[in-house]
Amino acid sequence: MPAEAKVEASIARPAAQPAPAPSPSPPSPPLTERQEARRRRILHASAQLASRGGFDAVQMREVAESSQVALGTLYRYFPSKVHLLVATMQSQLEHMHGTLRKKPPAGESAAERVAETLMRAFRALQREPHLADAMVRALTFADRSVSPEVDQVSRQTTAIILDAMGLENPGPDQLSAVRVIEHTWHSALITWLSGRASIAQVKIDIETVCRLIDLTDPGAGDR
């Protein structure tokens, strides 16, 4: 093939274009009242099984039987046991949040109120150590596929802390402090569950990290 023809052919043939980026998945439609009731039954069954025997006691078939749903239906709601137990933790935190709102913390400063709130939540989990262990293990095992459920847990924890602080519109520094407090609380749960920290040590760690709230309060220097 002559050189000129090769050049013409290369000009006539368009260059390969990159594949278009996949369009984002449409948001899932909201659950119907019946579906929401079914989901609550599933989460209740998961919590009951975990309370009795921890992570290993939560078997998907037993959860389906206990909640009176088909196994295939259960997997449509929660693709794995990790998805299920992380969602169970979100549900437990939501229940705690409601309880805490009925009896708000009494500390004078935001740091004191948050520390009191997190210790009350911690003691609630302490009363169900097998359930706490199962939920924390699920959070630890969670990969990217569980991100929506993990994000729900984080949002619920953030809401609990912000309520205790009395803030509706926190600034960037305050939100950063809240994230550090969340990480410390989660780490404290792990070390306590593994027997590497006492409740007294957990309380000291929580109170220490909550002092970040005073450091990020824009009005703290005026008081």
# chains A, B, ... in the order shown; residues from 1 in each chain; ligands from 1

$ select_by_dssp --residues "chain A" --states "alpha helix (DSSP H)" --output "ChimeraX atom specification"
/A:3-12,33-53,60-67,71-77,81-102,110-126,129-141,147-165,172-193,199-210,212-215

$ closest_atom_pairs --of "range 153-212 of chain A" --to "range 108-119 of chain A" --cutoff "10 Å" --atoms "only C-alpha atoms" --output "tab-separated table"
residue	atom	partner	partner_atom	distance
A:Thr157	CA	A:Leu118	CA	9.3
A:Ile160	CA	A:Thr117	CA	7.9
A:Ile161	CA	A:Val114	CA	5.9
A:Leu162	CA	A:Val114	CA	8.2
A:Asp163	CA	A:Val114	CA	8.5
A:Ala164	CA	A:Val114	CA	5.2
A:Met165	CA	A:Ala110	CA	4.6
A:Gly166	CA	A:Ala110	CA	7.3
A:Leu167	CA	A:Ala110	CA	9.3
A:Val178	CA	A:Val114	CA	9.8
A:Ile181	CA	A:Val114	CA	9.3
A:Glu182	CA	A:Leu118	CA	9.4
A:Trp185	CA	A:Leu118	CA	7.6
A:Ile199	CA	A:Met119	CA	9.3
A:Val202	CA	A:Met119	CA	8.5
A:Lys203	CA	A:Met119	CA	6.8
A:Ile204	CA	A:Ala115	CA	9.5
A:Asp205	CA	A:Ala115	CA	9.5
A:Ile206	CA	A:Ala115	CA	6.0
A:Glu207	CA	A:Ala115	CA	5.4
A:Thr208	CA	A:Ala115	CA	8.8
A:Val209	CA	A:Ala115	CA	8.7
A:Cys210	CA	A:Ala111	CA	5.1
A:Arg211	CA	A:Ala111	CA	5.7
A:Leu212	CA	A:Ala111	CA	7.7

$ atom_distance --atom1 "CA of Arg155 in chain A" --atom2 "CA of Leu85 in chain A"
16.3 Å

$ residues_around --residues "Tyr75 in chain A" --least-positions-apart "2" --cutoff "12 Å" --atoms "only C-alpha atoms" --output "short mmCIF file (atom, residue, chain, number, x, y, z; two decimals) with N, CA, C and O atoms, in the first residue's frame"
data_model
loop_
_atom_site.label_atom_id
_atom_site.label_comp_id
_atom_site.auth_asym_id
_atom_site.auth_seq_id
_atom_site.Cartn_x
_atom_site.Cartn_y
_atom_site.Cartn_z
N ARG A 39 -38.65 -4.97 56.89
CA ARG A 39 -37.25 -4.64 57.18
C ARG A 39 -37.03 -4.55 58.70
O ARG A 39 -36.00 -5.02 59.21
N ILE A 42 -36.73 -7.98 60.13
CA ILE A 42 -35.43 -8.58 59.82
C ILE A 42 -34.36 -8.04 60.77
O ILE A 42 -33.56 -8.81 61.32
N GLN A 59 -27.02 -16.21 61.27
CA GLN A 59 -27.02 -16.95 60.01
C GLN A 59 -28.22 -16.49 59.20
O GLN A 59 -29.34 -16.38 59.73
N MET A 60 -27.99 -16.23 57.93
CA MET A 60 -29.04 -15.63 57.10
C MET A 60 -30.30 -16.49 57.07
O MET A 60 -31.42 -15.97 57.11
N ARG A 61 -30.16 -17.79 57.00
CA ARG A 61 -31.33 -18.67 56.96
C ARG A 61 -32.14 -18.54 58.25
O ARG A 61 -33.38 -18.49 58.22
N VAL A 63 -32.14 -15.95 60.28
CA VAL A 63 -32.75 -14.61 60.29
C VAL A 63 -34.03 -14.62 59.47
O VAL A 63 -35.06 -14.07 59.88
N ALA A 64 -33.98 -15.27 58.30
CA ALA A 64 -35.17 -15.33 57.44
C ALA A 64 -36.31 -16.06 58.14
O ALA A 64 -37.46 -15.61 58.13
N VAL A 69 -39.63 -14.22 56.60
CA VAL A 69 -39.51 -13.81 55.21
C VAL A 69 -38.76 -14.90 54.46
O VAL A 69 -38.02 -15.69 55.05
N ALA A 70 -38.95 -14.95 53.15
CA ALA A 70 -38.23 -15.92 52.33
C ALA A 70 -36.75 -15.55 52.30
O ALA A 70 -36.38 -14.37 52.39
N LEU A 71 -35.90 -16.56 52.18
CA LEU A 71 -34.46 -16.31 52.17
C LEU A 71 -34.08 -15.39 51.00
O LEU A 71 -33.25 -14.49 51.16
N GLY A 72 -34.69 -15.60 49.85
CA GLY A 72 -34.41 -14.74 48.71
C GLY A 72 -34.80 -13.29 48.97
O GLY A 72 -34.11 -12.36 48.55
N THR A 73 -35.91 -13.11 49.67
CA THR A 73 -36.34 -11.75 50.03
C THR A 73 -35.34 -11.09 50.96
O THR A 73 -35.01 -9.91 50.82
N TYR A 77 -32.96 -7.46 50.51
CA TYR A 77 -32.82 -6.35 51.45
C TYR A 77 -31.36 -6.17 51.87
O TYR A 77 -30.86 -5.04 51.96
N PHE A 78 -30.70 -7.29 52.17
CA PHE A 78 -29.33 -7.27 52.68
C PHE A 78 -28.52 -8.35 51.98
O PHE A 78 -28.71 -9.55 52.25
N PRO A 79 -27.60 -7.98 51.08
CA PRO A 79 -26.86 -8.97 50.28
C PRO A 79 -25.96 -9.89 51.07
O PRO A 79 -25.54 -10.93 50.56
N SER A 80 -25.61 -9.53 52.31
CA SER A 80 -24.72 -10.37 53.11
C SER A 80 -24.98 -10.13 54.59
O SER A 80 -25.65 -9.16 54.98
N LYS A 81 -24.37 -10.98 55.41
CA LYS A 81 -24.50 -10.81 56.85
C LYS A 81 -23.85 -9.51 57.32
O LYS A 81 -24.35 -8.86 58.25
N VAL A 82 -22.77 -9.11 56.68
CA VAL A 82 -22.12 -7.85 57.06
C VAL A 82 -23.04 -6.67 56.78
O VAL A 82 -23.20 -5.78 57.62
N HIS A 83 -23.68 -6.65 55.59
CA HIS A 83 -24.67 -5.60 55.30
C HIS A 83 -25.75 -5.57 56.38
O HIS A 83 -26.13 -4.49 56.86
N LEU A 84 -26.22 -6.74 56.75
CA LEU A 84 -27.31 -6.84 57.72
C LEU A 84 -26.89 -6.32 59.09
O LEU A 84 -27.62 -5.54 59.72
#

$ residues_around --residues "range 89-104 of chain A" --least-positions-apart "3" --cutoff "7 Å" --atoms "only C-alpha atoms" --output "list of chain:residue names"
A:Leu85, A:Val86, A:Ala121, A:Met135, A:Gln152, A:Val153, A:Gln156, A:Ile160

$ write_last_selection --atoms "N, CA, C and O atoms" --output "PDB file, in the first residue's frame"
ATOM      1  N   LEU A  85     -25.714  -6.706  59.564  1.00  0.00           N
ATOM      2  CA  LEU A  85     -25.302  -6.314  60.910  1.00  0.00           C
ATOM      3  C   LEU A  85     -24.913  -4.838  60.985  1.00  0.00           C
ATOM      4  O   LEU A  85     -25.120  -4.198  62.029  1.00  0.00           O
ATOM      5  N   VAL A  86     -24.371  -4.286  59.920  1.00  0.00           N
ATOM      6  CA  VAL A  86     -24.094  -2.847  59.923  1.00  0.00           C
ATOM      7  C   VAL A  86     -25.405  -2.073  59.954  1.00  0.00           C
ATOM      8  O   VAL A  86     -25.552  -1.083  60.678  1.00  0.00           O
ATOM      9  N   ALA A 121     -24.410   5.900  75.606  1.00  0.00           N
ATOM     10  CA  ALA A 121     -24.545   4.988  74.466  1.00  0.00           C
ATOM     11  C   ALA A 121     -23.633   3.781  74.643  1.00  0.00           C
ATOM     12  O   ALA A 121     -24.022   2.644  74.337  1.00  0.00           O
ATOM     13  N   MET A 135     -21.851  -6.308  65.847  1.00  0.00           N
ATOM     14  CA  MET A 135     -22.002  -5.111  65.023  1.00  0.00           C
ATOM     15  C   MET A 135     -20.649  -4.463  64.726  1.00  0.00           C
ATOM     16  O   MET A 135     -20.401  -4.019  63.587  1.00  0.00           O
ATOM     17  N   GLN A 152     -24.622   5.365  56.826  1.00  0.00           N
ATOM     18  CA  GLN A 152     -25.790   5.580  57.693  1.00  0.00           C
ATOM     19  C   GLN A 152     -25.389   5.535  59.167  1.00  0.00           C
ATOM     20  O   GLN A 152     -25.868   6.331  59.980  1.00  0.00           O
ATOM     21  N   VAL A 153     -24.504   4.600  59.514  1.00  0.00           N
ATOM     22  CA  VAL A 153     -24.010   4.515  60.892  1.00  0.00           C
ATOM     23  C   VAL A 153     -23.275   5.799  61.262  1.00  0.00           C
ATOM     24  O   VAL A 153     -23.476   6.366  62.347  1.00  0.00           O
ATOM     25  N   GLN A 156     -25.684   8.700  61.693  1.00  0.00           N
ATOM     26  CA  GLN A 156     -26.453   8.602  62.932  1.00  0.00           C
ATOM     27  C   GLN A 156     -25.597   8.983  64.135  1.00  0.00           C
ATOM     28  O   GLN A 156     -26.051   9.696  65.048  1.00  0.00           O
ATOM     29  N   ILE A 160     -26.135  12.214  66.749  1.00  0.00           N
ATOM     30  CA  ILE A 160     -26.164  12.085  68.214  1.00  0.00           C
ATOM     31  C   ILE A 160     -25.212  13.094  68.853  1.00  0.00           C
ATOM     32  O   ILE A 160     -25.557  13.771  69.830  1.00  0.00           O
TER      33      ILE A 160
END

$ closest_residue --among "A:Ala197, A:Glu33, A:Ala159, A:Ala87" --to "Arg179 in chain A" --atoms "only C-alpha atoms"
A:Ala159

$ residues_around --residues "Pro129 in chain A" --least-positions-apart "3" --cutoff "12 Å" --atoms "only C-alpha atoms" --output "list in words"
Ala47, Ala50, Ser51, Arg52, Gly53, Gly54, Phe55, Phe122, Arg123, Ala124, Leu125, Gln126, Ala132, Asp133, Ala134, Met135, Val136, Arg137, Leu189, Ile190, Trp192, Leu193, Ser194 and Gly195 of chain A

$ atom_distance --atom1 "CA of Gln48 in chain A" --atom2 "CA of Leu74 in chain A"
16.0 Å

$ closest_residue --among "A:Asp217, A:Glu36, A:Glu65, A:Asp143" --to "Leu49 in chain A" --atoms "only C-alpha atoms"
A:Glu65

$ atom_distance --atom1 "CA of Gln201 in chain A" --atom2 "CA of Asp56 in chain A"
28.3 Å

$ closest_residue --among "A:Arg196, A:Thr158, A:Ala37, A:Leu131" --to "Ala57 in chain A" --atoms "only C-alpha atoms"
A:Leu131
